[in-house]
Amino acid sequence: MEEKYDIVVVGGGPAGLSAAYSTAKAGAKVILFEKDEAIAHSVRTSGVTWISEMERLGIPGKYYNPVQNYRFVSPSNDILISGSTAKSCVLDVRATYQHLAFLAAEAGAHIMIKSNVINVIKDGDIVAGVKASTPKGDLAVRSTLVIDASGFSSSVARKAGAAGEWKRYGVGAEYECYCDDIDSATWTLMVGQQYSEAGYAWVFPLSKNRVRIGVGIGRPESSAEPLEKLHDIMEKRLKPLDAMGKIQPIELHYGFIPNEGVRQNSVADGLVMVGDSAGQSNPLVLEGIRYAIEFGRLAGEVGARSISQNASRESLLEYEKIWKAKVESKIQFALKVQTRWLGLADEEWDKEIEILRDMTVDEFLDFIKADFTAGKMMKLALHHPKLAARQLFNMILKS
Ligand SMILES: Cc1cc2nc3c(=O)[nH]c(=O)nc-3n(C[C@H](O)[C@H](O)[C@H](O)COP(=O)(O)OP(=O)(O)OC[C@H]3O[C@@H](n4cnc5c(N)ncnc54)[C@H](O)[C@@H]3O)c2cc1C
């Protein structure tokens, strides 16, 4: 069976759903394929993000738990940064992504679940559609544009020969749990060897009794398995788990995230890459949901306009220019900080997190969000009371 659409979107994560929404809204005939049996059936993320960004992107407040305090635990240090208002949040990931799916459907996108894109169709060098295995049988869809929103796998771009495998990446394992009691307004990051040899562990609250506890590990720096580390932390009830009463996992989340900066090329003739597929994630706390939504919409808008020009690479470059101008240098700066962090021994971590103690909440949030503008960093480098902090910000400025 062969069908014809203007645009095919591969992947029903935040990037793909947002791209399907904006292409359909612009009047294009669009189909989205998601290989799982439901949107957000397998959760691959911890869902921490920023309230101002969610408001800007129109995500209703009922889909997230607000957080106003940020705690850092290292082997012999423990720092709490308390805010007066909530600026961060933990998403109900399934509800948020299904909300994005409803928006796409309402705008006119056709969504096919349990439909795995297994190959690309090419006319010479031009990407001209995909082949998918669906509940209705095998399907070939020809299209003017394919949007690869397949996440870490970049499966379409790789099959089309437009991208390679990620060499540096993070792998994370997380349990969503019932727990007896937790402060739902505080999230915690834990660093040092006992938590992760090359990365960090976390406790992210969804409510007083619901929490995500996870471990992220950087490859190739470490080959440790995050799920084993997570079991170890939970069995030993390392801080802050010691104060959480009963902890009962009810869901396992597992996923990969690229961690080597952005893709050099995110567009080709007939092809756009967006979200994790394009490397649009902040390597400091491995967060990419807000970028996936924002740049998914952008990819869809530019993609819909490009149809009249056969979705040529030139007509798609506008998308690449805009998103790179917004985040490429921030991601590069964040990689520098991360490289420094990956090499720290336990005692160094104890000292390093001292830097955070004197930061204001806003300074801290700018930092952790990788919101590095030269002006902000210059101010911090010149005026910060702690020498180590000045050195850190100077390092970012000089990179
Ligand atoms: C352990 C972990 C924790 C994280 N925590 C956070 C966090 O706290 N906050 C944050 O903002 N970000 C976090 N991230 C990153 C965030 O999850 C990603 O940046 C975000 O999901 C990217 O969205 P996406 O739509 O590009 O990709 P994805 O969310 O990965 O979606 C891709 C979709 O494509 C589908 N797909 C793949 N191949 C095919 C195919 N061939 N055919 C059909 N469908 C296909 C997949 O099933 C999936 O649904 C985390 C990542 C990991 C791994």
# chains A, B, ... in the order shown; residues from 1 in each chain; ligands from 1

call {"tool": "residues_near_ligand", "arguments": {"ligand": "ligand 1", "cutoff": "6 Å", "atoms": "only C-alpha atoms and all ligand atoms", "output": "NGL selection string"}}
result
:A and (10-16 or 33-36 or 44-49 or 115-118 or 149-152 or 155 or 171-173 or 254-257 or 275-277 or 281 or 286-290 or 292)

call {"tool": "closest_atom_pairs", "arguments": {"of": "segment 56-103 of chain A", "to": "segment 296-304 of chain A", "cutoff": "12 Å", "atoms": "only C-alpha atoms", "output": "JSON lines"}}
result
{"residue": "A:Leu57", "atom": "CA", "partner": "A:Arg297", "partner_atom": "CA", "distance": 9.8}
{"residue": "A:Leu100", "atom": "CA", "partner": "A:Arg297", "partner_atom": "CA", "distance": 10.9}
{"residue": "A:Leu103", "atom": "CA", "partner": "A:Arg297", "partner_atom": "CA", "distance": 11.7}

call {"tool": "write_last_selection", "arguments": {"atoms": "C-alpha atoms", "output": "PDB file, in the first residue's frame"}}
result
ATOM      1  CA  LEU A  57       4.973  27.140  25.321  1.00  0.00           C
ATOM      2  CA  LEU A 100       0.628  17.596  22.741  1.00  0.00           C
ATOM      3  CA  LEU A 103      -3.200  19.489  19.967  1.00  0.00           C
TER       4      LEU A 103
END

call {"tool": "select_by_dssp", "arguments": {"residues": "segment 113-308 of chain A", "states": "helix (DSSP H, G or I)", "output": "JSON, numbers by chain"}}
result
{"A": [151, 152, 153, 155, 156, 157, 158, 159, 226, 227, 228, 229, 230, 231, 232, 233, 234, 235, 236, 241, 242, 243, 275, 276, 277, 278, 289, 290, 291, 292, 293, 294, 295, 296, 297, 298, 299, 300, 301, 302, 303, 304, 305, 306, 307, 308]}

call {"tool": "write_last_selection", "arguments": {"atoms": "N, CA and C atoms", "output": "short mmCIF file (atom, residue, chain, number, x, y, z; two decimals), in the first residue's frame"}}
result
data_model
loop_
_atom_site.label_atom_id
_atom_site.label_comp_id
_atom_site.auth_asym_id
_atom_site.auth_seq_id
_atom_site.Cartn_x
_atom_site.Cartn_y
_atom_site.Cartn_z
N GLY A 151 14.24 10.87 18.22
CA GLY A 151 14.98 10.88 19.47
C GLY A 151 16.42 10.46 19.29
N PHE A 152 16.97 9.86 20.35
CA PHE A 152 18.39 9.50 20.39
C PHE A 152 18.80 8.67 19.16
N SER A 153 17.92 7.81 18.69
CA SER A 153 18.31 6.88 17.61
C SER A 153 18.54 7.60 16.28
N SER A 155 16.87 7.63 13.80
CA SER A 155 16.81 6.45 12.93
C SER A 155 16.62 6.79 11.45
N VAL A 156 15.84 7.82 11.17
CA VAL A 156 15.60 8.15 9.76
C VAL A 156 16.85 8.78 9.13
N ALA A 157 17.41 9.75 9.84
CA ALA A 157 18.59 10.45 9.31
C ALA A 157 19.74 9.46 9.11
N ARG A 158 19.86 8.52 10.03
CA ARG A 158 20.95 7.54 9.88
C ARG A 158 20.70 6.64 8.68
N LYS A 159 19.44 6.21 8.51
CA LYS A 159 19.13 5.36 7.35
C LYS A 159 19.32 6.13 6.04
N PRO A 226 23.40 1.92 34.76
CA PRO A 226 22.68 2.80 35.69
C PRO A 226 21.65 2.08 36.56
N LEU A 227 21.05 1.02 36.02
CA LEU A 227 20.02 0.33 36.81
C LEU A 227 20.65 -0.37 38.03
N GLU A 228 21.86 -0.92 37.82
CA GLU A 228 22.54 -1.57 38.97
C GLU A 228 22.87 -0.53 40.03
N LYS A 229 23.37 0.61 39.57
CA LYS A 229 23.71 1.69 40.49
C LYS A 229 22.47 2.16 41.25
N LEU A 230 21.38 2.27 40.53
CA LEU A 230 20.12 2.71 41.14
C LEU A 230 19.68 1.72 42.23
N HIS A 231 19.77 0.42 41.92
CA HIS A 231 19.40 -0.58 42.92
C HIS A 231 20.27 -0.44 44.16
N ASP A 232 21.56 -0.21 43.92
CA ASP A 232 22.51 -0.06 45.02
C ASP A 232 22.13 1.13 45.93
N ILE A 233 21.84 2.26 45.28
CA ILE A 233 21.47 3.47 46.04
C ILE A 233 20.20 3.22 46.84
N MET A 234 19.25 2.51 46.21
CA MET A 234 17.96 2.28 46.89
C MET A 234 18.12 1.27 48.02
N GLU A 235 18.94 0.23 47.78
CA GLU A 235 19.13 -0.78 48.85
C GLU A 235 19.86 -0.17 50.04
N LYS A 236 20.88 0.64 49.74
CA LYS A 236 21.64 1.26 50.85
C LYS A 236 20.92 2.48 51.43
N LEU A 241 17.51 9.38 50.38
CA LEU A 241 16.49 8.33 50.44
C LEU A 241 16.26 7.85 51.87
N ASP A 242 17.25 8.09 52.73
CA ASP A 242 17.14 7.64 54.12
C ASP A 242 15.96 8.29 54.85
N ALA A 243 15.50 9.44 54.34
CA ALA A 243 14.42 10.15 55.06
C ALA A 243 13.08 10.04 54.33
N GLY A 275 14.77 17.90 17.94
CA GLY A 275 14.80 17.27 19.27
C GLY A 275 16.13 16.55 19.49
N ASP A 276 16.08 15.46 20.23
CA ASP A 276 17.32 14.71 20.51
C ASP A 276 18.00 14.25 19.23
N SER A 277 17.22 14.00 18.22
CA SER A 277 17.79 13.57 16.94
C SER A 277 18.80 14.59 16.41
N ALA A 278 18.55 15.88 16.72
CA ALA A 278 19.46 16.95 16.27
C ALA A 278 20.44 17.36 17.37
N ILE A 289 13.35 18.64 26.86
CA ILE A 289 11.91 18.64 26.52
C ILE A 289 11.48 20.00 25.98
N ARG A 290 11.92 21.07 26.67
CA ARG A 290 11.48 22.41 26.21
C ARG A 290 12.02 22.71 24.82
N TYR A 291 13.26 22.28 24.53
CA TYR A 291 13.82 22.51 23.19
C TYR A 291 13.04 21.68 22.16
N ALA A 292 12.71 20.45 22.55
CA ALA A 292 11.99 19.56 21.62
C ALA A 292 10.66 20.20 21.23
N ILE A 293 9.95 20.78 22.21
CA ILE A 293 8.64 21.39 21.90
C ILE A 293 8.85 22.64 21.04
N GLU A 294 9.75 23.51 21.49
CA GLU A 294 9.95 24.78 20.78
C GLU A 294 10.45 24.54 19.35
N PHE A 295 11.49 23.71 19.23
CA PHE A 295 12.07 23.54 17.90
C PHE A 295 11.25 22.57 17.04
N GLY A 296 10.45 21.73 17.70
CA GLY A 296 9.50 20.90 16.94
C GLY A 296 8.51 21.80 16.22
N ARG A 297 7.99 22.78 16.95
CA ARG A 297 7.04 23.71 16.32
C ARG A 297 7.71 24.50 15.21
N LEU A 298 8.95 24.93 15.49
CA LEU A 298 9.67 25.70 14.48
C LEU A 298 9.93 24.85 13.23
N ALA A 299 10.37 23.62 13.44
CA ALA A 299 10.64 22.72 12.30
C ALA A 299 9.38 22.55 11.46
N GLY A 300 8.24 22.44 12.16
CA GLY A 300 6.97 22.27 11.45
C GLY A 300 6.59 23.51 10.65
N GLU A 301 6.79 24.68 11.26
CA GLU A 301 6.42 25.93 10.55
C GLU A 301 7.29 26.11 9.30
N VAL A 302 8.61 25.98 9.50
CA VAL A 302 9.51 26.17 8.35
C VAL A 302 9.28 25.03 7.33
N GLY A 303 9.08 23.82 7.87
CA GLY A 303 8.85 22.67 6.99
C GLY A 303 7.61 22.85 6.12
N ALA A 304 6.53 23.35 6.72
CA ALA A 304 5.30 23.54 5.93
C ALA A 304 5.52 24.57 4.83
N ARG A 305 6.26 25.63 5.17
CA ARG A 305 6.54 26.67 4.15
C ARG A 305 7.42 26.12 3.04
N SER A 306 8.28 25.16 3.39
CA SER A 306 9.26 24.67 2.41
C SER A 306 8.63 23.76 1.34
N ILE A 307 7.39 23.32 1.59
CA ILE A 307 6.77 22.37 0.67
C ILE A 307 6.69 22.94 -0.75
N SER A 308 6.38 24.25 -0.83
CA SER A 308 6.26 24.86 -2.17
C SER A 308 7.63 24.93 -2.87
#

call {"tool": "closest_residue", "arguments": {"among": "A:Lys29, A:Arg212, A:Arg219, A:Arg263", "to": "Thr144 of chain A", "atoms": "only C-alpha atoms"}}
result
A:Lys29

call {"tool": "residues_around", "arguments": {"residues": "Asp125 of chain A", "least_positions_apart": "6", "cutoff": "12 Å", "atoms": "only C-alpha atoms", "output": "ChimeraX atom specification"}}
result
/A:160-162,268-271,312-313

call {"tool": "write_last_selection", "arguments": {"atoms": "C-alpha atoms", "output": "PDB file, in the first residue's frame"}}
result
ATOM      1  CA  ALA A 160      19.209   8.263   4.892  1.00  0.00           C
ATOM      2  CA  GLY A 161      22.960   8.635   5.424  1.00  0.00           C
ATOM      3  CA  ALA A 162      22.509  12.179   6.803  1.00  0.00           C
ATOM      4  CA  ALA A 268      19.050  17.951   4.007  1.00  0.00           C
ATOM      5  CA  ASP A 269      16.971  17.780   0.846  1.00  0.00           C
ATOM      6  CA  GLY A 270      13.586  16.461   2.018  1.00  0.00           C
ATOM      7  CA  LEU A 271      14.735  15.968   5.622  1.00  0.00           C
ATOM      8  CA  SER A 312      15.008  21.727  -0.562  1.00  0.00           C
ATOM      9  CA  ARG A 313      17.893  22.030   1.889  1.00  0.00           C
TER      10      ARG A 313
END

call {"tool": "select_by_dssp", "arguments": {"residues": "segment 109-273 of chain A", "states": "strand (DSSP E)", "output": "VMD selection string"}}
result
chain A and resid 110 to 112 116 to 123 126 to 134 137 to 148 169 to 179 186 to 190 199 to 207 210 to 219 247 to 258 267 to 268 271 to 273

call {"tool": "closest_residue", "arguments": {"among": "A:Val120, A:Cys179, A:Met359, A:Val285", "to": "Ile147 of chain A", "atoms": "only C-alpha atoms"}}
result
A:Val120

call {"tool": "closest_residue", "arguments": {"among": "A:Pro240, A:Trp341, A:Val262, A:Gly129", "to": "Tyr200 of chain A", "atoms": "only C-alpha atoms"}}
result
A:Trp341

call {"tool": "closest_atom_pairs", "arguments": {"of": "segment 229-265 of chain A", "to": "segment 323-333 of chain A", "cutoff": "12 Å", "atoms": "only C-alpha atoms", "output": "CSV"}}
result
residue,atom,partner,partner_atom,distance
A:Pro258,CA,A:Ile331,CA,11.6
A:Asn259,CA,A:Ile331,CA,9.5
A:Glu260,CA,A:Gln332,CA,8.7
A:Gly261,CA,A:Ile331,CA,6.2
A:Val262,CA,A:Glu328,CA,6.7
A:Arg263,CA,A:Glu328,CA,9.5
A:Gln264,CA,A:Lys324,CA,9.7
A:Asn265,CA,A:Lys324,CA,10.4

call {"tool": "write_last_selection", "arguments": {"atoms": "all heavy atoms", "output": "PDB file, in the first residue's frame"}}
result
ATOM      1  N   PRO A 258      21.727  12.155  23.722  1.00  0.00           N
ATOM      2  CA  PRO A 258      23.010  12.553  23.130  1.00  0.00           C
ATOM      3  C   PRO A 258      23.706  13.591  23.994  1.00  0.00           C
ATOM      4  O   PRO A 258      23.057  14.409  24.637  1.00  0.00           O
ATOM      5  CB  PRO A 258      22.625  13.157  21.772  1.00  0.00           C
ATOM      6  CG  PRO A 258      21.176  13.388  21.810  1.00  0.00           C
ATOM      7  CD  PRO A 258      20.586  12.534  22.890  1.00  0.00           C
ATOM      8  N   ASN A 259      25.030  13.545  24.004  1.00  0.00           N
ATOM      9  CA  ASN A 259      25.774  14.426  24.899  1.00  0.00           C
ATOM     10  C   ASN A 259      27.110  14.816  24.266  1.00  0.00           C
ATOM     11  O   ASN A 259      28.156  14.679  24.883  1.00  0.00           O
ATOM     12  CB  ASN A 259      25.987  13.678  26.221  1.00  0.00           C
ATOM     13  CG  ASN A 259      26.576  14.571  27.277  1.00  0.00           C
ATOM     14  OD1 ASN A 259      26.436  15.790  27.207  1.00  0.00           O
ATOM     15  ND2 ASN A 259      27.241  13.977  28.248  1.00  0.00           N
ATOM     16  N   GLU A 260      27.047  15.249  23.012  1.00  0.00           N
ATOM     17  CA  GLU A 260      28.298  15.688  22.384  1.00  0.00           C
ATOM     18  C   GLU A 260      28.116  16.984  21.626  1.00  0.00           C
ATOM     19  O   GLU A 260      28.857  17.291  20.709  1.00  0.00           O
ATOM     20  CB  GLU A 260      28.857  14.578  21.484  1.00  0.00           C
ATOM     21  CG  GLU A 260      27.957  14.182  20.337  1.00  0.00           C
ATOM     22  CD  GLU A 260      28.568  13.072  19.480  1.00  0.00           C
ATOM     23  OE1 GLU A 260      28.655  11.942  19.983  1.00  0.00           O
ATOM     24  OE2 GLU A 260      28.947  13.358  18.327  1.00  0.00           O
ATOM     25  N   GLY A 261      27.089  17.739  21.999  1.00  0.00           N
ATOM     26  CA  GLY A 261      26.824  18.974  21.264  1.00  0.00           C
ATOM     27  C   GLY A 261      25.824  18.712  20.160  1.00  0.00           C
ATOM     28  O   GLY A 261      25.307  17.597  20.015  1.00  0.00           O
ATOM     29  N   VAL A 262      25.572  19.752  19.389  1.00  0.00           N
ATOM     30  CA  VAL A 262      24.501  19.647  18.389  1.00  0.00           C
ATOM     31  C   VAL A 262      25.022  19.015  17.090  1.00  0.00           C
ATOM     32  O   VAL A 262      26.219  18.991  16.848  1.00  0.00           O
ATOM     33  CB  VAL A 262      23.908  21.044  18.089  1.00  0.00           C
ATOM     34  CG1 VAL A 262      23.390  21.690  19.355  1.00  0.00           C
ATOM     35  CG2 VAL A 262      24.942  21.949  17.407  1.00  0.00           C
ATOM     36  N   ARG A 263      24.072  18.526  16.310  1.00  0.00           N
ATOM     37  CA  ARG A 263      24.433  18.021  14.976  1.00  0.00           C
ATOM     38  C   ARG A 263      24.922  19.191  14.125  1.00  0.00           C
ATOM     39  O   ARG A 263      24.316  20.268  14.127  1.00  0.00           O
ATOM     40  CB  ARG A 263      23.211  17.440  14.266  1.00  0.00           C
ATOM     41  CG  ARG A 263      22.658  16.180  14.881  1.00  0.00           C
ATOM     42  CD  ARG A 263      23.266  14.963  14.255  1.00  0.00           C
ATOM     43  NE  ARG A 263      22.582  13.758  14.706  1.00  0.00           N
ATOM     44  CZ  ARG A 263      23.199  12.592  14.885  1.00  0.00           C
ATOM     45  NH1 ARG A 263      24.505  12.469  14.679  1.00  0.00           N
ATOM     46  NH2 ARG A 263      22.519  11.529  15.265  1.00  0.00           N
ATOM     47  N   GLN A 264      25.983  18.947  13.365  1.00  0.00           N
ATOM     48  CA  GLN A 264      26.483  19.973  12.447  1.00  0.00           C
ATOM     49  C   GLN A 264      25.404  20.331  11.415  1.00  0.00           C
ATOM     50  O   GLN A 264      25.115  21.487  11.180  1.00  0.00           O
ATOM     51  CB  GLN A 264      27.710  19.433  11.710  1.00  0.00           C
ATOM     52  CG  GLN A 264      28.647  20.504  11.214  1.00  0.00           C
ATOM     53  CD  GLN A 264      29.762  20.703  12.206  1.00  0.00           C
ATOM     54  OE1 GLN A 264      30.433  19.735  12.554  1.00  0.00           O
ATOM     55  NE2 GLN A 264      29.935  21.919  12.683  1.00  0.00           N
ATOM     56  N   ASN A 265      24.805  19.283  10.845  1.00  0.00           N
ATOM     57  CA  ASN A 265      23.751  19.497   9.845  1.00  0.00           C
ATOM     58  C   ASN A 265      22.441  18.901  10.340  1.00  0.00           C
ATOM     59  O   ASN A 265      22.379  17.709  10.616  1.00  0.00           O
ATOM     60  CB  ASN A 265      24.112  18.816   8.516  1.00  0.00           C
ATOM     61  CG  ASN A 265      25.373  19.410   7.929  1.00  0.00           C
ATOM     62  OD1 ASN A 265      25.469  20.618   7.750  1.00  0.00           O
ATOM     63  ND2 ASN A 265      26.351  18.564   7.677  1.00  0.00           N
TER      64      ASN A 265
END

call {"tool": "closest_residue", "arguments": {"among": "A:Val267, A:Ala345, A:Leu189, A:Ile121", "to": "Arg142 of chain A", "atoms": "only C-alpha atoms"}}
result
A:Ile121
